[in-house]
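Participant: This is the content of query-v7.pdb (PDB, C-alpha atoms, pLDDT in the B column):
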ATOM      1  CA  MET D 221      82.019 106.920 108.364  1.00 92.00           C
ATOM      2  CA  ASN D 222      83.924 103.732 107.691  1.00 93.00           C
ATOM      3  CA  ARG D 223      86.342 102.422 105.127  1.00 92.00           C
ATOM      4  CA  GLN D 224      83.653 100.656 103.108  1.00 95.00           C
ATOM      5  CA  ASN D 225      81.483 103.734 102.515  1.00 97.00           C
ATOM      6  CA  THR D 226      84.086 106.477 102.136  1.00 98.00           C
ATOM      7  CA  ALA D 227      86.191 108.078  99.415  1.00 98.00           C
ATOM      8  CA  MET D 228      88.655 110.966  99.673  1.00 98.00           C
ATOM      9  CA  LEU D 229      88.794 113.934  97.303  1.00 98.00           C
ATOM     10  CA  ILE D 230      91.830 116.242  97.128  1.00 97.00           C
ATOM     11  CA  VAL D 231      90.826 119.488  95.424  1.00 97.00           C
ATOM     12  CA  ASP D 232      93.359 121.615  93.517  1.00 94.00           C
ATOM     13  CA  VAL D 233      96.429 121.434  95.767  1.00 95.00           C
ATOM     14  CA  GLN D 234      98.726 122.939  93.151  1.00 93.00           C
ATOM     15  CA  THR D 235     102.121 124.587  93.151  1.00 91.00           C
ATOM     16  CA  ALA D 236     100.909 128.121  92.321  1.00 90.00           C
ATOM     17  CA  PHE D 237      98.996 128.291  95.603  1.00 92.00           C
ATOM     18  CA  ARG D 238     102.012 127.574  97.841  1.00 90.00           C
ATOM     19  CA  GLU D 239     102.847 131.244  98.452  1.00 90.00           C
ATOM     20  CA  VAL D 240      99.305 132.590  98.822  1.00 92.00           C
ATOM     21  CA  VAL D 241      97.290 130.008 100.765  1.00 94.00           C
ATOM     22  CA  LEU D 242      97.405 130.145 104.562  1.00 93.00           C
ATOM     23  CA  ASP D 243      99.468 127.360 106.169  1.00 95.00           C
ATOM     24  CA  PHE D 244      99.841 125.686 102.786  1.00 95.00           C
ATOM     25  CA  ASP D 245     102.677 123.306 103.698  1.00 95.00           C
ATOM     26  CA  GLN D 246     101.006 122.158 106.910  1.00 96.00           C
ATOM     27  CA  MET D 247      97.764 121.568 105.021  1.00 97.00           C
ATOM     28  CA  VAL D 248      99.636 119.471 102.423  1.00 97.00           C
ATOM     29  CA  TRP D 249     101.321 117.499 105.215  1.00 97.00           C
ATOM     30  CA  ASN D 250      97.927 116.738 106.775  1.00 97.00           C
ATOM     31  CA  ILE D 251      96.365 115.771 103.448  1.00 98.00           C
ATOM     32  CA  ASP D 252      99.289 113.455 102.778  1.00 97.00           C
ATOM     33  CA  ARG D 253      98.911 111.711 106.169  1.00 97.00           C
ATOM     34  CA  LEU D 254      95.176 111.322 105.596  1.00 98.00           C
ATOM     35  CA  ALA D 255      95.721 109.970 102.073  1.00 98.00           C
ATOM     36  CA  GLN D 256      98.285 107.492 103.421  1.00 97.00           C
ATOM     37  CA  ALA D 257      95.693 106.280 105.940  1.00 97.00           C
ATOM     38  CA  ALA D 258      93.053 106.058 103.218  1.00 97.00           C
ATOM     39  CA  THR D 259      95.426 103.981 101.101  1.00 97.00           C
ATOM     40  CA  LEU D 260      96.055 101.606 104.035  1.00 96.00           C
ATOM     41  CA  PHE D 261      92.308 101.035 104.271  1.00 97.00           C
ATOM     42  CA  GLU D 262      91.888 100.783 100.475  1.00 97.00           C
ATOM     43  CA  ILE D 263      89.722 103.894 100.439  1.00 97.00           C
ATOM     44  CA  PRO D 264      89.583 105.496  96.976  1.00 97.00           C
ATOM     45  CA  VAL D 265      91.539 108.763  96.720  1.00 97.00           C
ATOM     46  CA  ALA D 266      91.326 111.182  93.778  1.00 96.00           C
ATOM     47  CA  ALA D 267      93.002 114.563  93.241  1.00 96.00           C
ATOM     48  CA  THR D 268      91.754 117.274  90.893  1.00 95.00           C
ATOM     49  CA  GLN D 269      93.616 120.146  89.248  1.00 94.00           C
ATOM     50  CA  GLN D 270      92.269 123.569  88.370  1.00 91.00           C
ATOM     51  CA  TYR D 271      93.635 124.891  85.054  1.00 91.00           C
ATOM     52  CA  SER D 272      97.118 123.364  85.448  1.00 86.00           C
ATOM     53  CA  LYS D 273      98.466 125.364  82.490  1.00 89.00           C
ATOM     54  CA  GLY D 274      98.218 128.504  84.631  1.00 89.00           C
ATOM     55  CA  LEU D 275      98.306 127.119  88.197  1.00 89.00           C
ATOM     56  CA  GLY D 276     100.810 124.299  87.878  1.00 86.00           C
ATOM     57  CA  THR D 277     100.388 120.672  88.717  1.00 90.00           C
ATOM     58  CA  THR D 278      99.455 118.967  91.958  1.00 91.00           C
ATOM     59  CA  VAL D 279     102.251 119.354  94.525  1.00 93.00           C
ATOM     60  CA  ASP D 280     104.828 116.553  94.561  1.00 92.00           C
ATOM     61  CA  GLN D 281     103.699 115.065  97.883  1.00 93.00           C
ATOM     62  CA  LEU D 282     100.204 114.411  96.481  1.00 94.00           C
ATOM     63  CA  ALA D 283     100.955 113.880  92.782  1.00 91.00           C
ATOM     64  CA  LYS D 284     100.446 110.108  92.973  1.00 93.00           C
ATOM     65  CA  TYR D 285      96.716 110.720  93.597  1.00 91.00           C
ATOM     66  CA  SER D 286      96.363 113.031  90.606  1.00 87.00           C
ATOM     67  CA  ASP D 287      94.738 111.948  87.360  1.00 82.00           C
ATOM     68  CA  PRO D 288      95.104 114.008  84.161  1.00 78.00           C
ATOM     69  CA  GLN D 289      91.429 113.323  83.446  1.00 79.00           C
ATOM     70  CA  LEU D 290      90.510 115.219  86.625  1.00 88.00           C
ATOM     71  CA  GLU D 291      91.568 118.587  85.225  1.00 89.00           C
ATOM     72  CA  LYS D 292      88.899 121.258  85.421  1.00 93.00           C
ATOM     73  CA  LEU D 293      88.045 124.835  84.604  1.00 91.00           C
ATOM     74  CA  SER D 294      84.874 125.102  86.682  1.00 94.00           C
ATOM     75  CA  PHE D 295      85.424 125.826  90.350  1.00 96.00           C
ATOM     76  CA  SER D 296      83.281 122.895  91.502  1.00 96.00           C
ATOM     77  CA  CYS D 297      84.335 119.326  90.820  1.00 95.00           C
ATOM     78  CA  ARG D 298      80.815 118.583  89.584  1.00 94.00           C
ATOM     79  CA  GLU D 299      82.064 117.936  86.050  1.00 93.00           C
ATOM     80  CA  PHE D 300      83.579 114.677  87.296  1.00 94.00           C
ATOM     81  CA  ASP D 301      80.127 113.152  87.655  1.00 92.00           C
ATOM     82  CA  THR D 302      81.329 109.847  86.176  1.00 93.00           C
ATOM     83  CA  LEU D 303      83.793 109.502  89.079  1.00 95.00           C
ATOM     84  CA  PHE D 304      81.092 110.291  91.630  1.00 96.00           C
ATOM     85  CA  GLU D 305      78.633 107.913  89.940  1.00 96.00           C
ATOM     86  CA  GLU D 306      81.272 105.169  90.035  1.00 96.00           C
ATOM     87  CA  TRP D 307      81.850 105.813  93.730  1.00 97.00           C
ATOM     88  CA  LYS D 308      78.093 105.580  94.391  1.00 97.00           C
ATOM     89  CA  ARG D 309      77.881 102.289  92.458  1.00 97.00           C
ATOM     90  CA  ASN D 310      80.697 100.985  94.685  1.00 97.00           C
ATOM     91  CA  GLY D 311      78.809 101.804  97.881  1.00 97.00           C
ATOM     92  CA  ILE D 312      80.449 105.153  98.617  1.00 98.00           C
ATOM     93  CA  SER D 313      78.068 107.471 100.459  1.00 98.00           C
ATOM     94  CA  ILE D 314      80.613 109.691 102.234  1.00 98.00           C
ATOM     95  CA  ILE D 315      83.306 111.861 100.672  1.00 98.00           C
ATOM     96  CA  VAL D 316      86.089 113.376 102.736  1.00 98.00           C
ATOM     97  CA  VAL D 317      86.880 116.651 100.957  1.00 98.00           C
ATOM     98  CA  THR D 318      90.310 118.261 101.319  1.00 98.00           C
ATOM     99  CA  GLY D 319      92.261 120.995  99.513  1.00 98.00           C
ATOM    100  CA  ILE D 320      91.802 124.607  98.445  1.00 97.00           C
ATOM    101  CA  GLU D 321      90.328 127.172  98.241  1.00 95.00           C
ATOM    102  CA  LEU D 322      87.769 126.932 101.013  1.00 96.00           C
ATOM    103  CA  HIS D 323      85.403 129.667  99.831  1.00 97.00           C
ATOM    104  CA  VAL D 324      85.609 128.803  96.138  1.00 97.00           C
ATOM    105  CA  CYS D 325      86.409 125.300  94.869  1.00 96.00           C
ATOM    106  CA  ILE D 326      85.880 123.476  98.175  1.00 98.00           C
ATOM    107  CA  GLN D 327      82.600 125.201  99.005  1.00 98.00           C
ATOM    108  CA  GLN D 328      81.141 124.821  95.511  1.00 98.00           C
ATOM    109  CA  THR D 329      82.222 121.169  95.333  1.00 98.00           C
ATOM    110  CA  VAL D 330      80.783 120.404  98.759  1.00 98.00           C
ATOM    111  CA  MET D 331      77.447 122.017  97.918  1.00 98.00           C
ATOM    112  CA  ASP D 332      77.220 120.041  94.681  1.00 97.00           C
ATOM    113  CA  LEU D 333      78.184 116.746  96.358  1.00 98.00           C
ATOM    114  CA  LEU D 334      75.585 117.344  99.073  1.00 98.00           C
ATOM    115  CA  SER D 335      72.963 117.908  96.358  1.00 96.00           C
ATOM    116  CA  TYR D 336      74.019 114.584  94.754  1.00 96.00           C
ATOM    117  CA  GLY D 337      73.183 112.868  98.054  1.00 97.00           C
ATOM    118  CA  PHE D 338      76.666 112.341  99.462  1.00 98.00           C
ATOM    119  CA  ASP D 339      77.483 113.008 103.107  1.00 98.00           C
ATOM    120  CA  ILE D 340      80.537 115.234 103.380  1.00 98.00           C
ATOM    121  CA  TYR D 341      83.286 115.223 105.989  1.00 98.00           C
ATOM    122  CA  LEU D 342      85.584 118.245 106.003  1.00 98.00           C
ATOM    123  CA  PRO D 343      88.833 117.764 107.925  1.00 98.00           C
ATOM    124  CA  ILE D 344      89.506 121.328 108.991  1.00 97.00           C
ATOM    125  CA  ASP D 345      93.280 120.801 109.116  1.00 97.00           C
ATOM    126  CA  ALA D 346      93.323 119.579 105.498  1.00 98.00           C
ATOM    127  CA  VAL D 347      91.667 122.599 103.855  1.00 98.00           C
ATOM    128  CA  SER D 348      92.711 126.216 103.491  1.00 97.00           C
ATOM    129  CA  GLY D 349      92.386 129.416 101.554  1.00 95.00           C
ATOM    130  CA  ARG D 350      93.970 132.808 101.134  1.00 95.00           C
ATOM    131  CA  LEU D 351      91.767 134.803 103.493  1.00 95.00           C
ATOM    132  CA  GLU D 352      90.677 133.923 107.037  1.00 95.00           C
ATOM    133  CA  LEU D 353      87.261 135.579 106.906  1.00 96.00           C
ATOM    134  CA  ASP D 354      86.323 133.912 103.623  1.00 96.00           C
ATOM    135  CA  ALA D 355      87.474 130.560 105.028  1.00 95.00           C
ATOM    136  CA  LYS D 356      85.469 130.988 108.244  1.00 96.00           C
ATOM    137  CA  ILE D 357      82.275 131.946 106.414  1.00 97.00           C
ATOM    138  CA  ALA D 358      82.691 129.063 103.956  1.00 97.00           C
ATOM    139  CA  ILE D 359      83.134 126.554 106.806  1.00 97.00           C
ATOM    140  CA  ASP D 360      80.061 127.942 108.581  1.00 98.00           C
ATOM    141  CA  ARG D 361      78.030 127.786 105.382  1.00 98.00           C
ATOM    142  CA  MET D 362      79.076 124.203 104.603  1.00 98.00           C
ATOM    143  CA  ARG D 363      78.366 123.123 108.185  1.00 98.00           C
ATOM    144  CA  ASP D 364      74.929 124.766 108.024  1.00 98.00           C
ATOM    145  CA  ALA D 365      74.268 122.787 104.819  1.00 98.00           C
ATOM    146  CA  GLY D 366      75.047 119.500 106.576  1.00 98.00           C
ATOM    147  CA  THR D 367      78.791 119.018 106.224  1.00 98.00           C
ATOM    148  CA  ILE D 368      80.476 117.307 109.168  1.00 98.00           C
ATOM    149  CA  VAL D 369      83.572 119.215 110.264  1.00 98.00           C
ATOM    150  CA  THR D 370      86.318 116.992 111.658  1.00 98.00           C
ATOM    151  CA  THR D 371      90.119 116.630 111.702  1.00 97.00           C
ATOM    152  CA  CYS D 372      92.516 114.326 109.882  1.00 97.00           C
ATOM    153  CA  GLU D 373      93.368 112.366 113.009  1.00 96.00           C
ATOM    154  CA  SER D 374      89.704 111.899 113.908  1.00 96.00           C
ATOM    155  CA  ALA D 375      88.983 110.621 110.401  1.00 97.00           C
ATOM    156  CA  MET D 376      91.941 108.204 110.478  1.00 96.00           C
ATOM    157  CA  PHE D 377      90.837 106.672 113.774  1.00 96.00           C
ATOM    158  CA  GLU D 378      87.211 106.553 112.664  1.00 96.00           C
ATOM    159  CA  TRP D 379      88.313 104.475 109.667  1.00 96.00           C
ATOM    160  CA  CYS D 380      90.429 102.288 111.959  1.00 95.00           C
ATOM    161  CA  ASP D 381      87.564 101.744 114.439  1.00 91.00           C
ATOM    162  CA  SER D 382      89.520  99.791 117.098  1.00 93.00           C
ATOM    163  CA  ALA D 383      92.979  99.060 118.475  1.00 93.00           C
ATOM    164  CA  GLY D 384      92.424  95.486 117.308  1.00 94.00           C
ATOM    165  CA  ASP D 385      92.446  96.519 113.652  1.00 94.00           C
ATOM    166  CA  PRO D 386      95.443  95.144 111.689  1.00 94.00           C
ATOM    167  CA  CYS D 387      96.213  98.722 110.532  1.00 93.00           C
ATOM    168  CA  PHE D 388      96.043 100.256 114.015  1.00 96.00           C
ATOM    169  CA  LYS D 389      99.822 100.377 114.529  1.00 95.00           C
ATOM    170  CA  GLN D 390     100.360 102.160 111.208  1.00 95.00           C
ATOM    171  CA  ILE D 391      97.539 104.621 111.922  1.00 95.00           C
ATOM    172  CA  SER D 392      98.949 105.243 115.366  1.00 94.00           C
ATOM    173  CA  GLU D 393     102.347 106.004 113.811  1.00 95.00           C
ATOM    174  CA  LEU D 394     100.758 108.475 111.380  1.00 94.00           C
ATOM    175  CA  ALA D 395      98.967 110.152 114.284  1.00 93.00           C
ATOM    176  CA  LYS D 396     102.191 110.473 116.303  1.00 93.00           C
ATOM    177  CA  GLN D 397     103.929 112.411 113.535  1.00 93.00           C
ATOM    178  CA  THR D 398     104.356 116.115 114.152  1.00 91.00           C
ATOM    179  CA  TYR D 399     104.524 118.821 111.562  1.00 89.00           C
ATOM    180  CA  SER D 400     107.833 120.600 111.168  1.00 86.00           C
ATOM    181  CA  LYS D 401     108.271 123.742 109.056  1.00 81.00           C
ATOM    182  CA  THR D 402     111.691 122.589 107.867  1.00 65.00           C
TER     183      THR D 402
END
Since I need it in another form, could you write the structure as structure tokens?

Facilitator:
Amino acid sequence: MNRQNTAMLIVDVQTAFREVVLDFDQMVWNIDRLAQAATLFEIPVAATQQYSKGLGTTVDQLAKYSDPQLEKLSFSCREFDTLFEEWKRNGISIIVVTGIELHVCIQQTVMDLLSYGFDIYLPIDAVSGRLELDAKIAIDRMRDAGTIVTTCESAMFEWCDSAGDPCFKQISELAKQTYSKT
């Protein structure tokens, strides 16, 4: 994975899920750090919304990555095939998938993206769901299908590649941040 062949997808991180998804705020914090790193490296970032009329909009911290045209009713993001085709035309072969819910929208999206020929990286600290067992089984299933499970920090440093990179100091600062529940 490198900055030339990667895009980042944020799936359905919406306000209605805040009270029901496990470790929601920490997940959002991690997605935000990863998206900041992606932006530093000029990696494309897109955020989808599932039925915003009923589930609310993308949370404030990630709203800048949201696009009204990426609103969906299907659980998978497969209906955004024009976005994925554009990414392929631009040399993107890897998609870092983040968001919720692991056993529904994330899993279905990942399976579809794998079938389209993309390699998928799943930063485990940037995804979540409501139920631990469903999340565990979904992660196992996606890994068995070929998804690479990683973390946000690992992905950031993989994009950076070396301490000699002009963005290294900024990536290092992002990595030094610690999550606080306040």

Participant: Compile the contact shell of stretch 281-285 of chain D as a ChimeraX atom specification: residues with an atom at most 12 Å away, counting only C-alpha atoms, same-chain residues fewer than 2 positions apart removed.

Facilitator: /D:228-235,245-256,258-259,263-269,276-279,287-290,318-319

Participant: Measure the distance from atom CA of D:Leu353 to atom CA of D:Phe244 in Å and round it to one decimal.

Facilitator: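 Those two atoms sit 16.5 Å apart.
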
Participant: Counting only C-alpha atoms, find the residues whose atoms lie at most 9 Å from (85.5, 103.8, 108.7) (file coordinates) and write them out as a ChimeraX atom specification.

Facilitator: /D:221-226,261,375-381

Participant: Have a look at D:Glu305, D:Asp345, D:Asp385, D:Glu352 and name the one nearest to D:Cys372; count all atoms listed in the file.

Facilitator: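 Ranked by minimum distance to D:Cys372, first place goes to D:Asp345.
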
Participant: Go through D:Leu342, D:Ile320, D:Ala358, D:Ile312 and flag the residue nearest D:Val240, using all atoms listed in the file for the distances.

Facilitator: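 Of D:Leu342, D:Ile320, D:Ala358, D:Ile312, the one nearest D:Val240, counting all atoms listed in the file, is D:Ile320.
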
Participant: I'd like to see the residues matched by the PyMOL selection byres ((chain D and resi 337-339) around 10) on this file, and ideally I'd get them as a list in words.

Facilitator: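 After applying the PyMOL selection byres ((chain D and resi 337-339) around 10), what remains is Met221, Thr226, Phe304, Lys308, Ile312, Ser313, Ile314, Ile315, Val316, Val330, Met331, Asp332, Leu333, Leu334, Ser335, Tyr336, Ile340, Tyr341, Gly366, Thr367 and Ile368 of chain D.
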
Participant: Write a file of the selected residues as a PDB file, in the frame of the given file, keeping C-alpha atoms.

Facilitator:
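The resulting file, out.pdb, is reproduced below:
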ATOM      1  CA  MET D 221      82.019 106.920 108.364  1.00 92.00           C
ATOM      2  CA  THR D 226      84.086 106.477 102.136  1.00 98.00           C
ATOM      3  CA  PHE D 304      81.092 110.291  91.630  1.00 96.00           C
ATOM      4  CA  LYS D 308      78.093 105.580  94.391  1.00 97.00           C
ATOM      5  CA  ILE D 312      80.449 105.153  98.617  1.00 98.00           C
ATOM      6  CA  SER D 313      78.068 107.471 100.459  1.00 98.00           C
ATOM      7  CA  ILE D 314      80.613 109.691 102.234  1.00 98.00           C
ATOM      8  CA  ILE D 315      83.306 111.861 100.672  1.00 98.00           C
ATOM      9  CA  VAL D 316      86.089 113.376 102.736  1.00 98.00           C
ATOM     10  CA  VAL D 330      80.783 120.404  98.759  1.00 98.00           C
ATOM     11  CA  MET D 331      77.447 122.017  97.918  1.00 98.00           C
ATOM     12  CA  ASP D 332      77.220 120.041  94.681  1.00 97.00           C
ATOM     13  CA  LEU D 333      78.184 116.746  96.358  1.00 98.00           C
ATOM     14  CA  LEU D 334      75.585 117.344  99.073  1.00 98.00           C
ATOM     15  CA  SER D 335      72.963 117.908  96.358  1.00 96.00           C
ATOM     16  CA  TYR D 336      74.019 114.584  94.754  1.00 96.00           C
ATOM     17  CA  ILE D 340      80.537 115.234 103.380  1.00 98.00           C
ATOM     18  CA  TYR D 341      83.286 115.223 105.989  1.00 98.00           C
ATOM     19  CA  GLY D 366      75.047 119.500 106.576  1.00 98.00           C
ATOM     20  CA  THR D 367      78.791 119.018 106.224  1.00 98.00           C
ATOM     21  CA  ILE D 368      80.476 117.307 109.168  1.00 98.00           C
TER      22      ILE D 368
END

Participant: Expressed in Å to a single decimal, how great is the separation between atom CA of D:Thr329 and atom CA of D:Arg298?

Facilitator: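 Calculated distance between atom CA of D:Thr329 and atom CA of D:Arg298 is 6.5 Å.
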
Participant: Can we get stretch 327-340 of chain D of that structure written down with N, CA and C atoms, as a CSV table (one decimal), in the first residue's frame?

Facilitator:
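Writing done, so here's part.csv:
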chain,number,residue,atom,x,y,z
D,327,GLN,N,-19.0,-5.0,5.8
D,327,GLN,CA,-18.8,-6.4,5.2
D,327,GLN,C,-19.3,-6.4,3.8
D,328,GLN,N,-20.5,-6.0,3.5
D,328,GLN,CA,-21.1,-6.1,2.2
D,328,GLN,C,-20.3,-5.2,1.2
D,329,THR,N,-19.9,-4.0,1.6
D,329,THR,CA,-19.0,-3.2,0.8
D,329,THR,C,-17.7,-3.8,0.5
D,330,VAL,N,-17.1,-4.4,1.5
D,330,VAL,CA,-15.8,-5.0,1.3
D,330,VAL,C,-15.9,-6.2,0.3
D,331,MET,N,-16.9,-7.0,0.5
D,331,MET,CA,-17.1,-8.2,-0.4
D,331,MET,C,-17.3,-7.7,-1.8
D,332,ASP,N,-18.1,-6.7,-2.0
D,332,ASP,CA,-18.3,-6.1,-3.4
D,332,ASP,C,-17.0,-5.6,-3.9
D,333,LEU,N,-16.2,-4.8,-3.1
D,333,LEU,CA,-15.0,-4.2,-3.6
D,333,LEU,C,-14.0,-5.2,-4.0
D,334,LEU,N,-13.9,-6.3,-3.2
D,334,LEU,CA,-13.0,-7.4,-3.5
D,334,LEU,C,-13.4,-8.0,-4.8
D,335,SER,N,-14.7,-8.2,-5.1
D,335,SER,CA,-15.1,-8.8,-6.3
D,335,SER,C,-14.9,-7.9,-7.5
D,336,TYR,N,-14.7,-6.6,-7.3
D,336,TYR,CA,-14.4,-5.6,-8.3
D,336,TYR,C,-12.9,-5.6,-8.6
D,337,GLY,N,-12.1,-6.4,-7.8
D,337,GLY,CA,-10.7,-6.5,-8.0
D,337,GLY,C,-9.8,-5.5,-7.2
D,338,PHE,N,-10.4,-4.8,-6.2
D,338,PHE,CA,-9.7,-4.0,-5.3
D,338,PHE,C,-9.1,-4.9,-4.2
D,339,ASP,N,-7.9,-4.5,-3.7
D,339,ASP,CA,-7.4,-5.0,-2.4
D,339,ASP,C,-7.9,-4.1,-1.3
D,340,ILE,N,-8.3,-4.7,-0.2
D,340,ILE,CA,-8.9,-4.0,0.9
D,340,ILE,C,-8.1,-4.0,2.1
